[in-house]
>>> print(open('model_28.cif').read())   # mmCIF, C-alpha atoms and all ligand atoms
data_work
#
loop_
_atom_site.label_atom_id
_atom_site.label_comp_id
_atom_site.auth_asym_id
_atom_site.auth_seq_id
_atom_site.Cartn_x
_atom_site.Cartn_y
_atom_site.Cartn_z
CA MET A 12 129.95 51.67 -149.83
CA SER A 13 129.58 54.56 -152.21
CA ASP A 14 131.56 52.66 -154.86
CA VAL A 15 128.89 49.99 -155.00
CA ASN A 16 126.07 52.46 -155.59
CA GLU A 17 127.98 54.30 -158.25
CA THR A 18 128.29 51.14 -160.40
CA ARG A 19 124.48 50.65 -160.63
CA THR A 20 121.98 52.32 -162.92
CA PRO A 21 119.56 54.75 -161.13
CA VAL A 22 115.85 54.16 -161.54
CA SER A 23 114.38 56.44 -164.17
CA VAL A 24 111.17 58.46 -163.86
CA ALA A 25 109.61 56.14 -166.43
CA GLY A 26 110.41 53.20 -164.19
CA LEU A 27 108.86 54.92 -161.22
CA GLU A 28 105.73 55.62 -163.22
CA GLU A 29 105.44 51.93 -163.94
CA VAL A 30 105.72 51.18 -160.25
CA TYR A 31 103.13 53.85 -159.51
CA SER A 32 100.71 52.30 -161.99
CA HIS A 33 100.62 49.21 -159.79
CA LEU A 34 99.58 51.34 -156.85
CA GLN A 35 96.36 52.41 -158.49
CA PRO A 36 93.03 51.02 -157.15
CA SER A 37 91.77 47.94 -158.93
CA ALA A 38 88.21 49.29 -159.22
CA ARG A 39 87.19 50.77 -162.55
CA ASN A 40 85.23 53.51 -160.81
CA PRO A 41 86.93 54.20 -157.46
CA GLN A 42 84.66 57.12 -156.62
CA LEU A 43 81.54 54.95 -156.84
CA VAL A 44 83.18 52.22 -154.78
CA GLU A 45 84.16 54.75 -152.15
CA ARG A 46 80.59 55.97 -151.89
CA ILE A 47 79.30 52.42 -151.48
CA ILE A 48 81.88 51.74 -148.78
CA ALA A 49 80.99 54.97 -147.00
CA VAL A 50 77.29 53.96 -147.01
CA ASN A 51 78.22 50.60 -145.48
CA PHE A 52 80.26 52.24 -142.73
CA VAL A 53 77.43 54.67 -141.95
CA LEU A 54 74.91 51.81 -141.81
CA GLY A 55 77.29 49.87 -139.56
CA ALA A 56 77.64 52.84 -137.22
CA VAL A 57 73.87 53.37 -137.06
CA LEU A 58 73.23 49.70 -136.29
CA PHE A 59 75.94 49.64 -133.61
CA ALA A 60 74.24 52.64 -131.99
CA CYS A 61 70.88 50.84 -132.23
CA PHE A 62 72.47 47.81 -130.57
CA GLY A 63 73.63 50.01 -127.69
CA TRP A 64 70.16 51.48 -127.30
CA ALA A 65 68.51 48.04 -127.46
CA PHE A 66 70.91 46.70 -124.84
CA TRP A 67 70.29 49.69 -122.59
CA ILE A 68 66.51 49.22 -122.58
CA ASN A 69 66.87 45.44 -122.19
CA ALA A 70 65.23 44.70 -125.54
CA GLN A 71 64.40 41.20 -126.74
CA PRO A 72 67.37 39.01 -127.69
CA TRP A 73 66.47 38.94 -131.38
CA LYS A 74 66.70 42.73 -131.51
CA LEU A 75 70.12 42.63 -129.88
CA GLY A 76 71.27 39.98 -132.34
CA ALA A 77 69.80 41.76 -135.37
CA THR A 78 71.37 45.14 -134.59
CA LEU A 79 74.77 43.78 -133.58
CA GLY A 80 74.88 41.29 -136.48
CA GLY A 81 73.72 43.93 -138.96
CA GLY A 82 76.32 46.42 -137.74
CA MET A 83 79.13 43.90 -138.07
CA PHE A 84 77.84 42.84 -141.49
CA PHE A 85 77.87 46.32 -142.99
CA ALA A 86 81.15 47.35 -141.33
CA GLY A 87 82.67 44.09 -142.58
CA ILE A 88 81.38 44.59 -146.11
CA GLY A 89 82.91 48.06 -146.15
CA LEU A 90 86.26 46.82 -144.91
CA VAL A 91 86.42 43.95 -147.38
CA ALA A 92 85.40 46.16 -150.31
CA TRP A 93 88.02 48.71 -149.30
CA GLY A 94 90.72 46.08 -149.27
CA LYS A 95 89.56 44.44 -152.48
CA TYR A 96 88.79 47.41 -154.70
CA LEU A 97 90.64 50.43 -153.39
CA MET A 98 93.96 49.13 -152.18
CA PRO A 99 96.84 48.91 -154.68
CA ARG A 100 96.65 45.77 -156.78
CA GLY A 101 99.41 43.24 -157.13
CA PRO A 102 101.32 41.24 -157.89
CA PHE A 103 104.15 43.21 -156.36
CA VAL A 104 107.55 42.27 -157.66
CA GLU A 105 110.48 44.35 -156.66
CA GLU A 106 113.52 43.94 -158.82
CA ARG A 107 116.89 44.31 -157.28
CA HIS A 108 118.21 47.60 -158.42
CA VAL A 109 120.38 50.44 -157.42
CA LEU A 110 119.36 51.73 -154.03
CA ALA A 111 120.43 55.30 -154.57
CA ASN A 112 118.74 57.69 -157.03
CA SER A 113 119.83 61.04 -158.16
CA ASP A 114 118.35 64.11 -156.53
CA ALA A 115 116.56 64.94 -159.76
CA ASP A 116 114.85 61.55 -159.87
CA ARG A 117 113.79 61.84 -156.26
CA ASP A 118 112.28 65.24 -156.82
CA ALA A 119 110.46 64.08 -159.93
CA PHE A 120 109.06 61.04 -158.13
CA ALA A 121 107.88 63.08 -155.18
CA ALA A 122 106.19 65.57 -157.48
CA ALA A 123 104.41 62.77 -159.35
CA ILE A 124 103.16 61.16 -156.16
CA VAL A 125 101.91 64.41 -154.66
CA GLU A 126 100.22 65.48 -157.85
CA ARG A 127 98.53 62.22 -158.76
CA GLY A 128 97.98 60.71 -155.36
CA GLY A 129 96.65 63.72 -153.52
CA ASP A 130 93.02 63.16 -154.37
CA VAL A 131 93.22 59.51 -153.52
CA ILE A 132 94.74 60.27 -150.14
CA LYS A 133 92.02 62.82 -149.37
CA ARG A 134 89.26 60.38 -150.23
CA ARG A 135 90.87 57.71 -148.13
CA LYS A 136 90.83 60.11 -145.20
CA LEU A 137 87.03 60.32 -145.43
CA LEU A 138 86.68 56.53 -145.46
CA GLY A 139 89.17 56.22 -142.61
CA GLY A 140 87.12 58.69 -140.58
CA LEU A 141 83.88 56.81 -141.23
CA LEU A 142 85.49 53.50 -140.35
CA GLY A 143 86.95 54.99 -137.18
CA GLY A 144 83.54 56.42 -136.24
CA SER A 145 81.82 53.10 -136.83
CA LEU A 146 84.37 51.15 -134.79
CA GLY A 147 84.34 53.86 -132.12
CA ILE A 148 80.58 53.50 -131.64
CA PHE A 149 81.02 49.73 -131.48
CA GLY A 150 83.72 50.18 -128.83
CA VAL A 151 81.45 52.37 -126.72
CA VAL A 152 78.43 50.05 -126.88
CA ALA A 153 80.70 47.10 -126.09
CA MET A 154 81.13 48.73 -122.66
CA PHE A 155 77.37 48.65 -122.01
CA PRO A 156 77.29 45.11 -120.54
CA LEU A 157 79.99 46.14 -118.06
CA LEU A 158 78.23 49.40 -117.15
CA ARG A 159 74.82 47.77 -116.77
CA SER A 160 76.19 44.90 -114.72
CA LEU A 161 77.30 47.44 -112.11
CA GLY A 162 73.61 48.13 -111.46
CA PRO A 163 72.19 50.74 -109.09
CA LEU A 164 73.75 51.30 -105.66
CA PRO A 165 72.14 49.04 -103.06
CA LYS A 166 72.08 51.89 -100.48
CA ASN A 167 70.47 50.48 -97.33
CA THR A 168 68.33 47.85 -99.06
CA LEU A 169 70.75 45.16 -97.85
CA ASP A 170 70.22 46.20 -94.24
CA HIS A 171 66.50 45.52 -94.19
CA THR A 172 63.86 43.14 -95.48
CA ASP A 173 60.19 43.85 -96.14
CA TRP A 174 59.13 42.42 -92.80
CA THR A 175 57.75 45.26 -90.69
CA LYS A 176 55.76 45.66 -87.51
CA GLY A 177 52.46 43.80 -87.97
CA SER A 178 53.25 42.14 -91.34
CA PHE A 179 50.92 39.20 -91.94
CA VAL A 180 52.72 35.89 -92.45
CA VAL A 181 51.55 34.38 -95.78
CA ASP A 182 52.44 31.26 -97.72
CA GLN A 183 53.62 31.08 -101.36
CA SER A 184 50.05 31.53 -102.60
CA GLY A 185 49.51 34.63 -100.46
CA ARG A 186 47.20 32.95 -97.94
CA ARG A 187 47.55 34.23 -94.40
CA VAL A 188 48.92 31.67 -91.95
CA SER A 189 46.95 31.18 -88.75
CA VAL A 190 48.05 29.57 -85.54
CA GLY A 191 46.40 26.24 -86.27
CA ASP A 192 47.87 25.69 -89.73
CA LEU A 193 51.03 23.71 -88.92
CA ALA A 194 51.33 20.46 -87.01
CA ILE A 195 54.22 20.09 -84.60
CA GLY A 196 57.40 19.23 -86.52
CA SER A 197 56.16 20.81 -89.79
CA ILE A 198 57.75 23.65 -91.71
CA MET A 199 56.58 26.11 -94.35
CA THR A 200 58.23 28.86 -96.41
CA VAL A 201 56.52 32.16 -95.71
CA PHE A 202 56.72 35.82 -96.76
CA PRO A 203 55.44 39.17 -95.53
CA GLU A 204 52.05 39.71 -97.16
CA GLY A 205 52.28 41.25 -100.63
CA THR A 206 55.87 40.25 -101.41
CA GLN A 207 55.49 36.54 -102.14
CA ASP A 208 55.44 37.11 -105.91
CA SER A 209 58.15 39.77 -106.11
CA ASP A 210 61.82 39.18 -106.90
CA ARG A 211 62.88 40.98 -103.74
CA GLY A 212 60.42 38.97 -101.68
CA GLN A 213 61.79 35.74 -103.08
CA ALA A 214 65.34 36.97 -102.53
CA VAL A 215 65.51 38.46 -99.04
CA ASP A 216 62.12 38.05 -97.36
CA GLN A 217 61.75 34.29 -97.62
CA THR A 218 61.49 32.81 -94.17
CA VAL A 219 61.23 29.31 -92.77
CA LEU A 220 58.36 28.87 -90.34
CA ILE A 221 58.66 25.87 -88.03
CA ARG A 222 56.34 24.63 -85.35
CA ILE A 223 58.44 23.17 -82.58
CA SER A 224 55.75 22.68 -79.93
CA ASN A 225 52.29 23.86 -78.95
CA GLN A 226 53.65 26.08 -76.19
CA ASP A 227 55.36 29.45 -76.48
CA PHE A 228 58.99 28.67 -77.33
CA THR A 229 62.10 30.62 -76.34
CA THR A 230 65.16 29.99 -78.49
CA GLN A 231 67.56 32.31 -76.64
CA LYS A 232 67.58 34.59 -73.64
CA GLY A 233 65.85 37.85 -74.55
CA ARG A 234 63.60 36.18 -77.14
CA GLU A 235 60.91 35.02 -74.76
CA SER A 236 58.08 36.57 -76.79
CA TRP A 237 59.37 35.63 -80.28
CA GLY A 238 57.96 32.09 -80.56
CA PRO A 239 54.18 32.12 -79.87
CA SER A 240 52.42 28.74 -79.69
CA GLY A 241 55.67 26.96 -80.55
CA TYR A 242 56.19 28.78 -83.88
CA VAL A 243 59.71 29.99 -84.69
CA ALA A 244 60.75 31.74 -87.88
CA TYR A 245 64.24 32.06 -89.36
CA SER A 246 65.59 33.68 -92.49
CA LYS A 247 65.82 31.11 -95.27
CA LEU A 248 69.05 32.63 -96.66
CA CYS A 249 72.09 30.65 -95.61
CA THR A 250 74.69 32.83 -93.90
CA HIS A 251 77.44 31.05 -95.82
CA LEU A 252 76.73 31.80 -99.50
CA GLY A 253 73.00 32.51 -99.53
CA CYS A 254 71.50 29.18 -100.60
CA PRO A 255 67.92 28.55 -99.42
CA VAL A 256 68.02 26.58 -96.19
CA GLY A 257 64.95 24.51 -96.96
CA LEU A 258 65.66 21.06 -95.49
CA TYR A 259 64.42 20.28 -92.00
CA GLU A 260 65.75 17.32 -90.03
CA GLN A 261 62.89 16.86 -87.62
CA GLN A 262 64.53 14.29 -85.34
CA LEU A 263 67.58 16.51 -84.78
CA GLN A 264 65.57 19.73 -85.01
CA MET A 265 68.12 21.07 -87.47
CA LEU A 266 67.71 23.16 -90.59
CA VAL A 267 70.11 21.89 -93.25
CA CYS A 268 71.56 23.89 -96.13
CA PRO A 269 71.67 21.71 -99.27
CA CYS A 270 74.68 23.49 -100.76
CA HIS A 271 77.47 22.77 -98.25
CA GLN A 272 75.54 20.99 -95.53
CA SER A 273 75.64 23.65 -92.85
CA MET A 274 73.28 22.64 -90.03
CA PHE A 275 71.44 25.13 -87.81
CA ASN A 276 69.87 24.19 -84.50
CA VAL A 277 66.38 25.71 -84.52
CA THR A 278 65.88 25.30 -80.77
CA ASN A 279 68.75 27.61 -79.74
CA GLY A 280 68.61 30.50 -82.20
CA ALA A 281 69.79 28.61 -85.31
CA ILE A 282 73.41 28.64 -84.24
CA PRO A 283 75.44 26.65 -86.82
CA GLN A 284 76.30 23.20 -85.48
CA PHE A 285 78.12 21.94 -88.56
CA GLY A 286 79.44 23.23 -91.88
CA PRO A 287 80.95 26.48 -93.15
CA ALA A 288 78.16 28.91 -92.19
CA PRO A 289 79.83 31.59 -90.02
CA ARG A 290 76.82 32.89 -88.05
CA PRO A 291 73.28 31.92 -87.00
CA LEU A 292 70.24 32.37 -89.20
CA PRO A 293 68.50 35.60 -88.12
CA GLN A 294 65.27 34.95 -86.20
CA LEU A 295 62.04 36.82 -86.95
CA PRO A 296 59.99 37.82 -83.88
CA LEU A 297 56.36 36.65 -84.25
CA TYR A 298 53.08 37.17 -82.45
CA VAL A 299 49.53 35.88 -82.85
CA ASP A 300 46.89 38.56 -83.33
CA THR A 301 43.37 38.51 -81.92
CA GLN A 302 42.06 36.65 -84.97
CA GLY A 303 44.67 33.93 -84.67
CA PHE A 304 46.89 35.05 -87.57
CA LEU A 305 50.67 34.92 -87.29
CA ARG A 306 52.32 38.32 -87.72
CA SER A 307 55.81 39.77 -87.31
CA GLN A 308 56.68 42.03 -84.41
CA ARG A 309 59.23 43.91 -86.61
CA ASP A 310 62.02 43.31 -89.14
CA TYR A 311 64.84 40.85 -88.47
CA HIS A 312 67.12 42.06 -85.68
CA VAL A 313 70.21 41.67 -87.92
CA PRO A 314 70.65 41.70 -91.73
CA VAL A 315 69.92 38.43 -93.51
CA GLY A 316 72.15 36.56 -95.90
CA PRO A 317 75.86 35.75 -96.32
CA GLY A 318 78.90 37.12 -94.57
CA PHE A 319 79.05 40.53 -96.29
CA TRP A 320 78.10 41.96 -92.92
CA GLU A 321 81.10 40.60 -91.08
CA ARG A 322 83.31 42.96 -93.07
CA HIS A 323 81.66 46.06 -91.56
S1 LIG B 1 75.52 28.14 -98.85
FE1 LIG B 1 74.76 27.13 -97.12
S2 LIG B 1 76.40 26.01 -96.42
FE2 LIG B 1 77.19 27.01 -98.14
#
>>> encode(input="model_28.cif", output="structure tokens")
Amino acid sequence: MSDVNETRTPVSVAGLEEVYSHLQPSARNPQLVERIIAVNFVLGAVLFACFGWAFWINAQPWKLGATLGGGMFFAGIGLVAWGKYLMPRGPFVEERHVLANSDADRDAFAAAIVERGGDVIKRRKLLGGLLGGSLGIFGVVAMFPLLRSLGPLPKNTLDHTDWTKGSFVVDQSGRRVSVGDLAIGSIMTVFPEGTQDSDRGQAVDQTVLIRISNQDFTTQKGRESWGPSGYVAYSKLCTHLGCPVGLYEQQLQMLVCPCHQSMFNVTNGAIPQFGPAPRPLPQLPLYVDTQGFLRSQRDYHVPVGPGFWERH
């Protein structure tokens, strides 16, 4: 092996200088270009931070787009300019030559690189730091959608609805429902007064009110006082996956879920008669006050909604 190396001519310092000349930046004024790139990275970092702030406060979509797009634009401009103007220019052609140099040539080459490249390396460290900072901020704000989607802890809000003792039963417009409002066989979606326009009211409080007869109606043993004047009320949230159970089959006296066709018998406590729903719709105890308005005796006796509760 050593015989082969000894037959070739070592690369001279002059030759190394020629190679080094190709490693110089292509910009005529590298310092100015570096400053421009640094400004772009700083602008990119600031806009990424603004994007994070805008996302956190749920700002308008155009603000999210403007800050994220602007950040990527400036960071991209900086990266492209760095590659185009500050990286060594080509073309790079490497001649086949002797692989081994003398110790003297190696020392001379190392000295030339350290002496002439030191400043360049230092400046590149600054740009690398700015680029890292900009991309770091972007990485942090990219986590915001995940963090915000976790939302606040539900605590015990899933255990209860807004129905309380004495809540007035109102329709979608907020009008109180009185005992003479529904004909036998009719249904209506109702809410506890004051929640009909709220997200929570629409989500967990919505209730189906059905008039089965004009006599007090008992759906199950122990619920003798829950159905005054033939009115019964059930949670509208399907116990399968939470779709609104809004279809009423009057002939069969069944509430039907439109999503997977679960059917609940309203005359016996809304026990599922068909479909994937695993448990009955919770029933709301009602009473009629002295002025003839329908009101709730208390909250539902069990939590409303899908089968989360079966896992406890
Ligand atoms: S959500 Fe009602 S049956 Fe599936």
>>> residues_near_ligand(input="model_28.cif", ligand="ligand LIG 1 (chain B)", cutoff="10 Å", atoms="all atoms listed in the file", output="CSV table (one decimal) with C-alpha atoms, in the coordinates of the input")
chain,number,residue,atom,x,y,z
A,247,LYS,CA,65.8,31.1,-95.3
A,248,LEU,CA,69.0,32.6,-96.7
A,249,CYS,CA,72.1,30.6,-95.6
A,250,THR,CA,74.7,32.8,-93.9
A,251,HIS,CA,77.4,31.0,-95.8
A,252,LEU,CA,76.7,31.8,-99.5
A,253,GLY,CA,73.0,32.5,-99.5
A,254,CYS,CA,71.5,29.2,-100.6
A,255,PRO,CA,67.9,28.6,-99.4
A,256,VAL,CA,68.0,26.6,-96.2
A,267,VAL,CA,70.1,21.9,-93.2
A,268,CYS,CA,71.6,23.9,-96.1
A,269,PRO,CA,71.7,21.7,-99.3
A,270,CYS,CA,74.7,23.5,-100.8
A,271,HIS,CA,77.5,22.8,-98.2
A,272,GLN,CA,75.5,21.0,-95.5
A,273,SER,CA,75.6,23.6,-92.8
A,274,MET,CA,73.3,22.6,-90.0
A,275,PHE,CA,71.4,25.1,-87.8
A,283,PRO,CA,75.4,26.6,-86.8
A,285,PHE,CA,78.1,21.9,-88.6
A,286,GLY,CA,79.4,23.2,-91.9
A,287,PRO,CA,81.0,26.5,-93.2
A,288,ALA,CA,78.2,28.9,-92.2
A,289,PRO,CA,79.8,31.6,-90.0
A,316,GLY,CA,72.2,36.6,-95.9
A,317,PRO,CA,75.9,35.8,-96.3
>>> axis_aligned_box(input="model_28.cif", around="stretch 120-124 of chain A", padding_each_side="5 Å", output="AutoDock Vina command-line options")
--center_x 106.1 --center_y 63.3 --center_z -157.3 --size_x 15.9 --size_y 14.5 --size_z 14.2
>>> atom_distance(input="model_28.cif", atom1="atom CA of A:Val44", atom2="atom CA of A:Ala60")
24.5 Å
>>> residues_around(input="model_28.cif", residues="A:Gly185", least_positions_apart="5", cutoff="12 Å", atoms="all atoms listed in the file", output="PyMOL selection string")
chain A and resi 179-180+200-209+212
>>> atom_distance(input="model_28.cif", atom1="atom CA of A:Ala49", atom2="atom CA of A:Gly150")
19.0 Å
>>> residues_around(input="model_28.cif", residues="A:Phe228", least_positions_apart="6", cutoff="12 Å", atoms="only C-alpha atoms", output="VMD selection string")
chain A and resid 221 to 222 234 to 244 277 to 280 296 to 298
>>> atom_distance(input="model_28.cif", atom1="atom CA of A:Ser307", atom2="atom CA of A:Gln261")
24.0 Å
>>> residues_near_point(input="model_28.cif", point="(77.7, 57.6, -135.1)", cutoff="8 Å", atoms="all atoms listed in the file", output="NGL selection string")
:A and (53 or 56-57 or 60 or 144-145 or 148)
>>> closest_residue(input="model_28.cif", among="A:Gln308, A:Thr78, A:Gln294, A:Asn40", to="A:Ala65", atoms="only C-alpha atoms")
A:Thr78
>>> closest_residue(input="model_28.cif", among="A:Ile47, A:Leu158, A:Ile195, A:Val181", to="A:Leu90", atoms="all atoms listed in the file")
A:Ile47
>>> closest_residue(input="model_28.cif", among="A:Leu137, A:Ala70, A:Leu157, A:Leu258", to="A:Ser197", atoms="all atoms listed in the file")
A:Leu258
>>> residues_around(input="model_28.cif", residues="A:Trp67", least_positions_apart="5", cutoff="10 Å", atoms="all atoms listed in the file", output="PyMOL selection string")
chain A and resi 61-62+152+155-156+158-159
>>> residues_around(input="model_28.cif", residues="A:Leu58", least_positions_apart="3", cutoff="10 Å", atoms="all atoms listed in the file", output="list in words")
Phe52, Val53, Leu54, Gly55, Cys61, Phe62, Gly63, Trp64, Ala77, Thr78, Leu79, Gly80, Gly81, Gly82, Met83, Phe84, Phe85, Ala86, Ser145, Ile148 and Phe149 of chain A
>>> closest_residue(input="model_28.cif", among="A:Leu220, A:Asp170, A:Thr229, A:Ile282", to="A:Ser189", atoms="only C-alpha atoms")
A:Leu220
>>> closest_residue(input="model_28.cif", among="A:Glu260, A:Glu45, A:Asp300, A:Asp210", to="A:Gly177", atoms="only C-alpha atoms")
A:Asp300
